[in-house]
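Report on the following structure.
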Amino acid sequence: MRRQFKGRLLVITASVASFAVVALHIGSMHTLANQGKSFTFGGLRSFEVVPLETISETSSNASIGDLNGDGCPDILLVKGRHWQLRSLIFFGDCKGHFTPGPPLPSQTMKSYSGSLADMTKSGHLDIVLSNDSPDPKVVLLNDGHGNFTIGGTYGDPRWSTRNAAVGDLTDGHYPDIVVANRMMPSYVCLNDGKLHFDCRPLEDSPSAATVAIGDMEGNGKNDIVYACRDSCQSLIYFNDGKGNFTRREPWGPPHSSTRALALADFNGDGHLDIAACHEELGCFVYLNDGKGNFGKGIEFQKLGAEPYSMIAADLNKDGRPEILVGYVNAPGVIYFNDGSGTKFQPVPFGDGKGAIYGMAVGDLNGDGWPDVVVARSDAPSFVMFSRPFQGEPLGKPTDSVSQNAESQPTAATAPSAPRVKRVSVQFHNLDDAQSTSRSQLMQDVTKFIQGGAPYDESNANQMKAAIEEFWKARGVAVRVDVSVVPFPGRPQLVEVKFDVFKQ
């Protein structure tokens with residue numbers, strides 16, 4: 001029998017570091033309340049990992065909130081990414097049980113994130129889904145009992161949308177939406193309260209997979225923290241209070257690729273800081289001087305497993321948030337904050353399967369301690385219940401997290417072939433009805449080629465044969481082409497790309 005879950009309060013929702021602004025406000029006020037008081041490290045916590053589902057799909061996001069008005073926290077599990085799937089809701093009863101909610105009206109979509117916010121001030125939490133092209137980006141309206149209807153759309157269905165952050169950008173009006181688009185400009189979509197959105201491009205935003213909203217200057221106006229996805233400069237867009245963002249300042253490296261981002265006050269000085277993981281560089285905390293200025297960053301994790309998602313939350317109730325990072329084909333890691341915002345103790349979690357694409361934090365069993373929902377792609381999603389510390393909280397750190405698998409090899413150990421940075425499967429002329437099968441296939445890719453290992457042509461040919469046999473068994477004739485694509489400026493790294501063509 002599957003273990004069920006319980007809880008009471010929405011605390012934080014995030015996915016691939018997309019934030020609902022209410023979560024940032026809660027965290028910020030909690031820190032301000034502790035400002036000036038002596039700090040005592042709350043210690044480590046243990047966690048009991050329990051499956052949320054038994055199937056492995058391309059889940060991409062998790063959010064927590066009371067969706068049916070009974071005072072108990074519910075779970076939104078977002079699914080899709082490049083494949084059209086149906087997102088799910090689970091109703092909690094405050095007694096440790098979750099039951100599936102009614103089907104969402106959005107049917108199957110390529111969803112990356114699902115933010116919970118009261119978009120029309122009805123008193124109920126609605127759902128803002130960010131969907132990849134060609135699916136429309138939709139707002140699902142809640143009737144107060146957890147039944148949803150499509151209330152409106154925002155932006156352009158052609159946008160290659162990855163995430164959407166929701167928060168008030170117009171000084172006390174309705175929640176607005178910031179859209180993170182890959183390989184094209186990102187947008188601000190201002191809400192008139194009737195779900196009509198005025199969408200404006202963010203200048204100098206060439207590509208993004210994550211974006212966050214928070215008051216970075218402490219002036220009561222929510223700003224936009226934009227993280228560049230594809231080797232460009234990340235920026236902070238400062239808000240004039242009316243939804244105009246003419247002033248912007250850089251943060252982080254000038255040519256970085258970032259998909260894991262979180263905002264929180266890590267050192268307890270009352271100012272929101274930035275945590276981010278940059279591909280090929282590692283993970284850093286950027287401390288805020290209170291005026292929206294950030295230094296070069298303090299490294300808290302060296303280059304290792306590939307980071308896909310991040311959230312920040314106070315898991316040990318000491319008034320300082322921890323950093324949770326989700327990785328690809330490696331355990332996630334909780335970085336416990338010593339209170340300074342500069343030193344963190346890593347503790348891994350999970351079995352390292354699939355990719356942790358999104359996480360949410362909230363008290364799910366009513367014991368007063370924050371628990372974690374983990375949405376995984378190509379592996380079952382799960383819940384972690386907080387427990388008192390007992391020895392190793394979640395097992396010993398593993399080499400898959402700690403080793404520098406993607407760093408340049410030394411001359412003594414350099415392989416004759418470049419290292420595999422990414423394995424991708426591109427499907428051509430396969431209709432959407434095959435999306436579930438495609439998801440099943442993706443689970444087996446890394447059994448043949450492990451990210452960070454030297455490229456092996458025989459393994460690539462085995463993978464090609466396995467893909468062809470997979471579809472043949474399903475009555476679909478395909479042709480598979482294999483190519484090795486170098487990374488610009490990184491000759492030691494390559495992508496192994498399998499192009500699958502329906503015959």
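Letters A, B, ... go to the chains of the structure tokens in the order shown; residues in each chain start at 1; ligands are counted from 1 in the same order.
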
For the contact check between range 307-411 of chain A and range 56-59 of chain A, emit one row per residue of range 307-411 of chain A within 8 Å, containing the shortest atom pair and the distance in Å rounded to one decimal, counting only C-alpha atoms, chain then rising number order, as JSON lines.
```
{"residue": "A:Tyr357", "atom": "CA", "partner": "A:Ser59", "partner_atom": "CA", "distance": 7.2}
{"residue": "A:Ala375", "atom": "CA", "partner": "A:Ser59", "partner_atom": "CA", "distance": 5.7}
{"residue": "A:Arg376", "atom": "CA", "partner": "A:Ser59", "partner_atom": "CA", "distance": 5.4}
{"residue": "A:Ser377", "atom": "CA", "partner": "A:Thr58", "partner_atom": "CA", "distance": 4.0}
{"residue": "A:Asp378", "atom": "CA", "partner": "A:Ser56", "partner_atom": "CA", "distance": 4.9}
{"residue": "A:Ala379", "atom": "CA", "partner": "A:Ser56", "partner_atom": "CA", "distance": 4.3}
{"residue": "A:Pro380", "atom": "CA", "partner": "A:Ser56", "partner_atom": "CA", "distance": 4.7}
{"residue": "A:Ser381", "atom": "CA", "partner": "A:Ser59", "partner_atom": "CA", "distance": 7.5}
```

Can you write just those residues out, all heavy atoms, as a PDB file, in the first residue's frame?
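again-v3.pdb, freshly written:
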```pdb
ATOM      1  N   TYR A 357      13.551  17.939 -11.273  1.00  0.00           N
ATOM      2  CA  TYR A 357      13.202  19.125 -12.056  1.00  0.00           C
ATOM      3  C   TYR A 357      12.540  20.215 -11.233  1.00  0.00           C
ATOM      4  O   TYR A 357      12.537  21.373 -11.633  1.00  0.00           O
ATOM      5  CB  TYR A 357      12.277  18.713 -13.205  1.00  0.00           C
ATOM      6  CG  TYR A 357      12.871  18.979 -14.560  1.00  0.00           C
ATOM      7  CD1 TYR A 357      13.681  18.041 -15.178  1.00  0.00           C
ATOM      8  CD2 TYR A 357      12.640  20.182 -15.218  1.00  0.00           C
ATOM      9  CE1 TYR A 357      14.225  18.282 -16.422  1.00  0.00           C
ATOM     10  CE2 TYR A 357      13.181  20.437 -16.456  1.00  0.00           C
ATOM     11  CZ  TYR A 357      13.975  19.477 -17.053  1.00  0.00           C
ATOM     12  OH  TYR A 357      14.524  19.727 -18.278  1.00  0.00           O
ATOM     13  N   ALA A 375       9.730  16.599  -7.527  1.00  0.00           N
ATOM     14  CA  ALA A 375       9.232  16.204  -8.842  1.00  0.00           C
ATOM     15  C   ALA A 375      10.412  15.774  -9.700  1.00  0.00           C
ATOM     16  O   ALA A 375      11.339  16.550  -9.926  1.00  0.00           O
ATOM     17  CB  ALA A 375       8.490  17.366  -9.504  1.00  0.00           C
ATOM     18  N   ARG A 376      10.365  14.527 -10.164  1.00  0.00           N
ATOM     19  CA  ARG A 376      11.476  14.003 -10.958  1.00  0.00           C
ATOM     20  C   ARG A 376      11.024  13.670 -12.373  1.00  0.00           C
ATOM     21  O   ARG A 376       9.898  13.222 -12.594  1.00  0.00           O
ATOM     22  CB  ARG A 376      12.065  12.745 -10.312  1.00  0.00           C
ATOM     23  CG  ARG A 376      12.744  13.004  -8.989  1.00  0.00           C
ATOM     24  CD  ARG A 376      13.652  11.858  -8.594  1.00  0.00           C
ATOM     25  NE  ARG A 376      12.923  10.619  -8.337  1.00  0.00           N
ATOM     26  CZ  ARG A 376      13.512   9.493  -7.946  1.00  0.00           C
ATOM     27  NH1 ARG A 376      14.832   9.455  -7.793  1.00  0.00           N
ATOM     28  NH2 ARG A 376      12.793   8.408  -7.707  1.00  0.00           N
ATOM     29  N   SER A 377      11.926  13.868 -13.298  1.00  0.00           N
ATOM     30  CA  SER A 377      11.700  13.507 -14.685  1.00  0.00           C
ATOM     31  C   SER A 377      12.365  12.162 -14.952  1.00  0.00           C
ATOM     32  O   SER A 377      13.545  11.968 -14.623  1.00  0.00           O
ATOM     33  CB  SER A 377      12.292  14.580 -15.600  1.00  0.00           C
ATOM     34  OG  SER A 377      11.937  14.344 -16.940  1.00  0.00           O
ATOM     35  N   ASP A 378      11.589  11.223 -15.509  1.00  0.00           N
ATOM     36  CA  ASP A 378      12.077   9.878 -15.836  1.00  0.00           C
ATOM     37  C   ASP A 378      12.409   9.059 -14.598  1.00  0.00           C
ATOM     38  O   ASP A 378      13.257   8.162 -14.648  1.00  0.00           O
ATOM     39  CB  ASP A 378      13.276   9.945 -16.787  1.00  0.00           C
ATOM     40  CG  ASP A 378      12.934  10.648 -18.086  1.00  0.00           C
ATOM     41  OD1 ASP A 378      11.827  10.420 -18.582  1.00  0.00           O
ATOM     42  OD2 ASP A 378      13.757  11.436 -18.577  1.00  0.00           O
ATOM     43  N   ALA A 379      11.778   9.350 -13.493  1.00  0.00           N
ATOM     44  CA  ALA A 379      11.834   8.559 -12.269  1.00  0.00           C
ATOM     45  C   ALA A 379      10.645   8.984 -11.418  1.00  0.00           C
ATOM     46  O   ALA A 379      10.162  10.114 -11.548  1.00  0.00           O
ATOM     47  CB  ALA A 379      13.152   8.772 -11.524  1.00  0.00           C
ATOM     48  N   PRO A 380      10.133   8.115 -10.539  1.00  0.00           N
ATOM     49  CA  PRO A 380       8.958   8.481  -9.736  1.00  0.00           C
ATOM     50  C   PRO A 380       9.231   9.669  -8.819  1.00  0.00           C
ATOM     51  O   PRO A 380      10.298   9.762  -8.201  1.00  0.00           O
ATOM     52  CB  PRO A 380       8.681   7.206  -8.932  1.00  0.00           C
ATOM     53  CG  PRO A 380       9.294   6.102  -9.721  1.00  0.00           C
ATOM     54  CD  PRO A 380      10.515   6.701 -10.342  1.00  0.00           C
ATOM     55  N   SER A 381       8.274  10.543  -8.702  1.00  0.00           N
ATOM     56  CA  SER A 381       8.367  11.666  -7.770  1.00  0.00           C
ATOM     57  C   SER A 381       8.121  11.162  -6.355  1.00  0.00           C
ATOM     58  O   SER A 381       7.512  10.104  -6.152  1.00  0.00           O
ATOM     59  CB  SER A 381       7.350  12.748  -8.135  1.00  0.00           C
ATOM     60  OG  SER A 381       7.597  13.232  -9.447  1.00  0.00           O
TER      61      SER A 381
END
```

| task | Just the strand (DSSP E) stuff from range 132-189 of chain A, please, per backbone DSSP, written as a PyMOL selection string. | result | chain A and resi 137-142+148-154+161-167+176-181+187-189

| request: May I ask which of the residues A:Pro103, A:Asp168, A:Asp93, A:Gly80 is the closest one to Ser133 in chain A, counting only C-alpha atoms? | output: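 Among the listed residues, A:Gly80 lies closest to Ser133 in chain A.
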
| request: Using only C-alpha atoms, pick whichever of A:Gly268, A:Ile274, A:Leu430, A:Ser256 has the shortest atom-to-atom distance to Phe39 in chain A. | output: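 Ranked by minimum distance to Phe39 in chain A, first place goes to A:Gly268.
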
| Residue nearest Phe47 in chain A among A:Arg419, A:Lys79, A:Lys497, A:Arg387 (counting only C-alpha atoms) |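 Closest to Phe47 in chain A, using only C-alpha atoms: A:Arg387.
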
| Residues within 7 Å of range 76-78 of chain A, only C-alpha atoms, excluding chain neighbours under 2 positions, as number ranges by chain | A: 59-64, 74, 87-90, 111-114

| said: Show me, as a list in words, the residues that have an atom within 8 Å of Cys228 in chain A when counting only C-alpha atoms, minus same-chain residues fewer than 6 positions from it. | reply: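 What passes the distance filter is Ser205, Pro206, Ser207, Ala208, Ala209, Ser234, Leu235, Ser256, Ser257, Thr258 and Arg259 of chain A.
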
Next, the residues of the selection above should be written as a compact mmCIF listing (two decimals), in the first residue's frame with all heavy atoms.
```txt
# COMPACT_ATOMS: atom_id res chain seq x y z
N SER A 205 17.28 40.05 -22.72
CA SER A 205 16.99 38.74 -22.11
C SER A 205 16.95 37.69 -23.21
O SER A 205 15.88 37.24 -23.61
CB SER A 205 15.66 38.78 -21.35
OG SER A 205 14.59 39.09 -22.23
N PRO A 206 18.10 37.26 -23.72
CA PRO A 206 18.12 36.40 -24.91
C PRO A 206 17.66 34.98 -24.70
O PRO A 206 17.17 34.35 -25.63
CB PRO A 206 19.60 36.43 -25.33
CG PRO A 206 20.34 36.70 -24.07
CD PRO A 206 19.45 37.63 -23.28
N SER A 207 17.81 34.43 -23.48
CA SER A 207 17.43 33.03 -23.27
C SER A 207 17.37 32.75 -21.77
O SER A 207 18.28 33.09 -21.02
CB SER A 207 18.46 32.09 -23.92
OG SER A 207 18.10 30.75 -23.74
N ALA A 208 16.28 32.10 -21.34
CA ALA A 208 16.14 31.80 -19.92
C ALA A 208 15.37 30.49 -19.73
O ALA A 208 14.52 30.14 -20.55
CB ALA A 208 15.42 32.93 -19.19
N ALA A 209 15.68 29.78 -18.64
CA ALA A 209 14.91 28.62 -18.23
C ALA A 209 14.33 28.81 -16.84
O ALA A 209 13.54 28.00 -16.38
CB ALA A 209 15.77 27.36 -18.26
N SER A 234 23.38 37.30 -16.73
CA SER A 234 22.16 37.35 -15.92
C SER A 234 21.96 38.77 -15.41
O SER A 234 22.93 39.52 -15.21
CB SER A 234 22.26 36.38 -14.74
OG SER A 234 22.33 35.05 -15.20
N LEU A 235 20.69 39.16 -15.19
CA LEU A 235 20.37 40.55 -14.86
C LEU A 235 19.32 40.63 -13.76
O LEU A 235 18.51 39.71 -13.59
CB LEU A 235 19.83 41.27 -16.11
CG LEU A 235 20.76 41.39 -17.32
CD1 LEU A 235 19.97 41.81 -18.55
CD2 LEU A 235 21.88 42.37 -17.04
N SER A 256 27.50 32.88 -18.52
CA SER A 256 27.14 31.67 -17.78
C SER A 256 25.83 31.10 -18.29
O SER A 256 25.04 31.77 -18.94
CB SER A 256 27.03 31.97 -16.28
OG SER A 256 26.01 32.92 -16.05
N SER A 257 25.63 29.82 -17.97
CA SER A 257 24.39 29.13 -18.32
C SER A 257 23.77 28.63 -17.01
O SER A 257 24.33 27.74 -16.36
CB SER A 257 24.68 27.97 -19.27
OG SER A 257 25.23 28.44 -20.48
N THR A 258 22.62 29.20 -16.66
CA THR A 258 22.05 28.99 -15.33
C THR A 258 20.61 28.52 -15.44
O THR A 258 19.80 29.15 -16.12
CB THR A 258 22.10 30.30 -14.52
OG1 THR A 258 23.43 30.78 -14.49
CG2 THR A 258 21.59 30.08 -13.10
N ARG A 259 20.29 27.43 -14.78
CA ARG A 259 18.90 26.96 -14.74
C ARG A 259 18.44 26.70 -13.31
O ARG A 259 17.28 26.37 -13.09
CB ARG A 259 18.73 25.72 -15.60
CG ARG A 259 19.47 24.50 -15.13
CD ARG A 259 19.49 23.41 -16.19
NE ARG A 259 18.18 23.02 -16.62
CZ ARG A 259 17.94 22.30 -17.72
NH1 ARG A 259 18.95 21.93 -18.48
NH2 ARG A 259 16.72 21.97 -18.07
```

| query | So which one's closest to Trp159 in chain A, A:Met184, A:Val500, A:Ile356, A:Val478? Using only C-alpha atoms, please. | reply |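 Checking each of A:Met184, A:Val500, A:Ile356, A:Val478 against Trp159 in chain A, counting only C-alpha atoms, the winner is A:Met184.
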
| note | In Å and to one decimal, CA of Asn147 in chain A is distant from CA of Trp369 in chain A by 29.0 Å

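The smallest atom-to-atom distance between Asn163 in chain A and any of A:Asn459, A:Gly243, A:Ser309, A:Thr54, using only C-alpha atoms, is found for A:Ser309.
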
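In this structure, CA of Val138 in chain A sits 22.6 Å away from CA of Val225 in chain A.
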